[in-house]
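J.: Below is a structure I'd like to ask you about.
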Amino acid sequence: MATRAMLGGFKNRSINFRISSIYRSLSTLVLAEHEGGSINSQSLSAVEAAKSLCEDNSVSMLLAGSGPSLREAAANAASCHPSISQVLVADSDKFAYPLAEPWAKLVHMIQQKSGYSHIIAASGSFGKNILPRAAALLDVSPITDVIEISGSHLFVRPIYAGNALCTVRYTGSEPCMLTIRSTSFPVAPMSADSKSNSAPISQVDLSTFGEDAIGKSRYIKHTSQDSERPDLGNARIVVTGGRGLKSAENFKMVEKLAEKLGAAVGATRAAVDAGFVPNDLQVGQTGKIVAPELYMAFGVSGAIQHLAGMRDSKVIVAVNRDADAPIFQVADYGLVGDLFEVIPELLEKLPEKK
């Protein structure tokens with residue numbers, strides 16, 4: 001009995017040793033988006049998610065592109081987050097635009113060489129475009145829209161348009177590939193000491209990166225809204241308009257209110273489909289996921305797909321003529337009234353933004 005107990009003790013210690021060895025060997029590749037020499041804030045949230053996988057996780061950030069803006073982005077990436085252990089840079093004209101085919105081939109090539117345990121990207125248009133294709137090349141199944149990391153292979157993600165949360169255990173082969181909702185992994189402010197410690201920057205060897213990686217898609221153009229308003233995905237205040245505004249001309253009232261509040265402008269899918277605003281302002285399951293400190297909804301009924309994109313907002317204010325509108329079920333403050341009377345009154349009483 002004593003011998004059996006002793007062997008059992010050795011067995012348990014062996015298991016514990018193997019588990020601790022697995023945790024020590026975690027390494028994560030973060031696919032980062034950059035523009036104008038700066039790292040996209042959603043990519044920093046992906047680093048924050050990588051940090052929560054394990055305390056001793058080695059995090060590498062991958063940047064791809066060409067020219068001076070890439071070099072500037074790499075320099076910023078090296079000191080943008082204390083958890084980054086190295087910055088990998090793929091400098092080639094093939095990555096001048098973030099197309100899925102060359103990026104997926106790049107991820108596949110790097111994974112074959114380095115063998116990361118995890119690959120993470122933010123759940124925006126960039127990550128959703130690249131990560132599934134890269135996962136197919138690596139023959140693994142990605143886990144999307146992760147909002148909580150409970151362990152190195154245990155994740156929580158929303159299902160049924162956010163009405164239920166599902167805990168998923170990944171049991172496949174490495175790498176474990178994730179897209180994360182950036183609103184669920186806020187980035188803490190960096191201290192001066194953290195900024196002074198820069199991670200090393202390494203160039204990716206592209207000598208074996210063939211022409212077949214270019215693929216069949218091609219870049220046409222990039223359009224963006226020239227506005228001083230904050231970015232919709234990261235704004236502290238979001239003012240959203242729905243189909244109740246009835247026209248693009250009336251939607252300008254929402255834009256004026258947002259300007260006074262220093263807020264970003266959002267829209268429902270119905271408003272986008274009606275042509276009131278461009279689709280990059282759409283909030284919801286098929287648009288952008290936001291979680292501002294204040295979310296104001298005017299003429300928004302509260303369709304389940306829209307609620308999935310804003311239900312994590314800290315304070316929700318809704319104005320609608322229909323007292324039974326679903327938006328009131330999630331709103332902290334609700335006003336049953338005519339938005340064509342409420343918005344002009346707000347514009348009149350609110351002070352000009354300094």
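Naming works like this for the structure tokens: A, B, ... for the chains as they're shown, residue 1 at the start of each chain, ligands 1 onward in shown order.
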Residues within 10 Å of Ser198 (chain A), please, as a ChimeraX atom specification. Count only C-alpha atoms; anything in the same chain fewer than 6 positions from it doesn't count.
T.: /A:75-82,84-87
J.: List as a tab-separated table every residue of region 258-321 of chain A that is in contact with region 344-349 of chain A, defined as an atom at most 10 Å from one of its atoms (using only C-alpha atoms), together with the nearest atom pair and the distance in Å rounded to one decimal, sorted by chain and then rising number.
T.:
residue	atom	partner	partner_atom	distance
A:Ala258	CA	A:Leu347	CA	9.7
A:Glu259	CA	A:Leu347	CA	10.0
A:Lys260	CA	A:Leu347	CA	7.6
A:Leu261	CA	A:Leu347	CA	9.7
J.: Store the residues picked out above, limited to C-alpha atoms, as a JSON list (two decimals), in the first residue's frame.
T.:
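Generated file (part_37.json):
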[["chain", "number", "residue", "atom", "x", "y", "z"],
["A", 258, "ALA", "CA", -22.39, 63.95, -31.82],
["A", 259, "GLU", "CA", -20.27, 66.96, -32.72],
["A", 260, "LYS", "CA", -21.48, 68.82, -29.63],
["A", 261, "LEU", "CA", -20.77, 65.84, -27.39]]
J.: Which of region 41-270 of chain A counts as alpha helix (DSSP H) under DSSP, as a ChimeraX atom specification please?
T.: /A:41-51,68-77,100-114,125-138,192-196,248-261,269-270
J.: I'd like the contact shell of Thr179 (chain A) - 10 Å cut-off, only C-alpha atoms, skipping same-chain residues fewer than 3 positions apart - returned as a PyMOL selection string.
T.: chain A and resi 31+46+49+119-124+127-128+131-132+142-147+182
J.: List the spatial neighbours of Lys105 (chain A) as a ChimeraX atom specification - criterion: any atom at most 12 Å away, only C-alpha atoms, same-chain residues fewer than 4 positions off excluded.
T.: /A:64,90,94-95,99-101,109-112,130-138,206,208-215
J.: Nearest to Arg311 (chain A): which of A:Glu293, A:Asp56, A:Asp205, A:Asp324 is it, counting only C-alpha atoms?
T.: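 Among the listed residues, A:Glu293 lies closest to Arg311 (chain A).
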J.: From the options A:Leu232, A:Ala32, A:Val140, A:Val156, which residue's atoms come nearest to Pro175 (chain A), counting only C-alpha atoms?
T.: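 Answer, going by the shortest atom-to-atom distance: A:Val140.
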J.: State, in Å with one decimal place, the distance from CA of Ser184 (chain A) to CA of Ser313 (chain A).
T.: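 Between CA of Ser184 (chain A) and CA of Ser313 (chain A) the gap works out to 10.9 Å.
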J.: Hey, which of A:Ala291, A:Val283, A:Val336, A:Leu245 ends up closest to Lys314 (chain A)? Count only C-alpha atoms.
T.: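 The closest residue to Lys314 (chain A) is A:Ala291.
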J.: Do you know which residues are at most 8 Å from Ala297 (chain A) counting only C-alpha atoms, after dropping those on the same chain fewer than 5 positions away, and could you put them as a PyMOL selection string?
T.: chain A and resi 239-242+316-319
J.: Go ahead and dump the residues you just picked, N, CA and C atoms, as a short mmCIF file (atom, residue, chain, number, x, y, z; two decimals), in the first residue's frame.
T.:
data_model
loop_
_atom_site.label_atom_id
_atom_site.label_comp_id
_atom_site.auth_asym_id
_atom_site.auth_seq_id
_atom_site.Cartn_x
_atom_site.Cartn_y
_atom_site.Cartn_z
N VAL A 239 -23.30 58.19 -30.49
CA VAL A 239 -24.67 58.62 -30.76
C VAL A 239 -25.13 57.89 -32.03
N THR A 240 -26.18 57.10 -31.89
CA THR A 240 -26.63 56.25 -32.99
C THR A 240 -28.03 56.63 -33.44
N GLY A 241 -28.22 56.60 -34.76
CA GLY A 241 -29.53 56.86 -35.33
C GLY A 241 -30.07 55.65 -36.05
N GLY A 242 -31.38 55.50 -36.04
CA GLY A 242 -32.01 54.36 -36.69
C GLY A 242 -32.93 54.78 -37.82
N ILE A 316 -26.72 53.19 -21.32
CA ILE A 316 -27.47 53.23 -22.58
C ILE A 316 -28.68 54.14 -22.41
N VAL A 317 -28.79 55.11 -23.30
CA VAL A 317 -29.93 56.05 -23.31
C VAL A 317 -30.69 55.86 -24.60
N ALA A 318 -32.01 55.68 -24.53
CA ALA A 318 -32.81 55.42 -25.72
C ALA A 318 -33.97 56.41 -25.82
N VAL A 319 -34.21 56.89 -27.03
CA VAL A 319 -35.36 57.75 -27.32
C VAL A 319 -36.12 57.13 -28.48
#
J.: Show which residues sit within 8 Å of region 37-39 of chain A, as a list in words. Count only C-alpha atoms, and ignore same-chain residues fewer than 5 positions away.
T.: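 Counting only C-alpha atoms, the residues come to Ala32, Leu44, Pro68, Ser69, Leu70, Arg71, Glu72, Ala73, Ala74, Asn76 and Ala77 of chain A.
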J.: Any chance you can output those residues with C-alpha atoms as a PDB file, in the first residue's frame?
T.:
ATOM      1  CA  ALA A  32      -1.370  43.399 -35.862  1.00  0.00           C
ATOM      2  CA  LEU A  44      -3.271  46.146 -28.612  1.00  0.00           C
ATOM      3  CA  PRO A  68       8.618  54.083 -44.074  1.00  0.00           C
ATOM      4  CA  SER A  69       5.200  53.686 -42.414  1.00  0.00           C
ATOM      5  CA  LEU A  70       5.971  50.018 -41.673  1.00  0.00           C
ATOM      6  CA  ARG A  71       9.302  50.894 -40.077  1.00  0.00           C
ATOM      7  CA  GLU A  72       7.633  53.589 -37.989  1.00  0.00           C
ATOM      8  CA  ALA A  73       4.902  51.151 -36.939  1.00  0.00           C
ATOM      9  CA  ALA A  74       7.538  48.585 -35.936  1.00  0.00           C
ATOM     10  CA  ASN A  76       6.042  52.036 -32.085  1.00  0.00           C
ATOM     11  CA  ALA A  77       5.104  48.363 -31.652  1.00  0.00           C
TER      12      ALA A  77
END
J.: To one decimal in Å, tell me the separation between CA of Asp338 (chain A) and CA of Arg269 (chain A).
T.: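 Going from CA of Asp338 (chain A) over to CA of Arg269 (chain A), I get 20.8 Å.
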J.: Just how far from CA of Pro230 (chain A) is CA of Val265 (chain A), in Å to one decimal?
T.: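 Interatomic distance, CA of Val265 (chain A) to CA of Pro230 (chain A): 8.6 Å.
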J.: Neighbouring residues of Ser117 (chain A) were defined as those with any atom within 8 Å, considering only C-alpha atoms; residues of the same chain fewer than 5 positions away were excluded. Please report them as a short mmCIF file (atom, residue, chain, number, x, y, z; two decimals) with N, CA, C and O atoms, in the first residue's frame.
T.:
data_model
loop_
_atom_site.label_atom_id
_atom_site.label_comp_id
_atom_site.auth_asym_id
_atom_site.auth_seq_id
_atom_site.Cartn_x
_atom_site.Cartn_y
_atom_site.Cartn_z
N LEU A 26 4.07 28.23 -23.52
CA LEU A 26 3.11 28.96 -24.34
C LEU A 26 3.80 30.09 -25.09
O LEU A 26 4.61 30.82 -24.53
N SER A 27 3.46 30.21 -26.36
CA SER A 27 3.97 31.32 -27.16
C SER A 27 2.85 31.75 -28.10
O SER A 27 2.15 30.91 -28.67
N THR A 28 2.69 33.05 -28.25
CA THR A 28 1.56 33.58 -29.01
C THR A 28 2.01 34.55 -30.08
O THR A 28 2.87 35.41 -29.83
N GLU A 174 -2.09 22.26 -32.35
CA GLU A 174 -1.59 23.64 -32.37
C GLU A 174 -1.42 24.11 -33.82
O GLU A 174 -1.14 23.31 -34.70
N PRO A 175 -1.61 25.42 -34.04
CA PRO A 175 -1.88 26.45 -33.03
C PRO A 175 -3.38 26.60 -32.74
O PRO A 175 -4.21 26.30 -33.58
N CYS A 176 -3.67 27.08 -31.54
CA CYS A 176 -5.03 27.46 -31.18
C CYS A 176 -5.23 28.89 -31.70
O CYS A 176 -4.51 29.80 -31.29
#
J.: Could you check which of A:Ile289, A:Leu165, A:Leu62, A:Leu257 is closest to Leu106 (chain A), using only C-alpha atoms?
T.: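 The shortest atom-to-atom distance to Leu106 (chain A) comes from A:Leu62.
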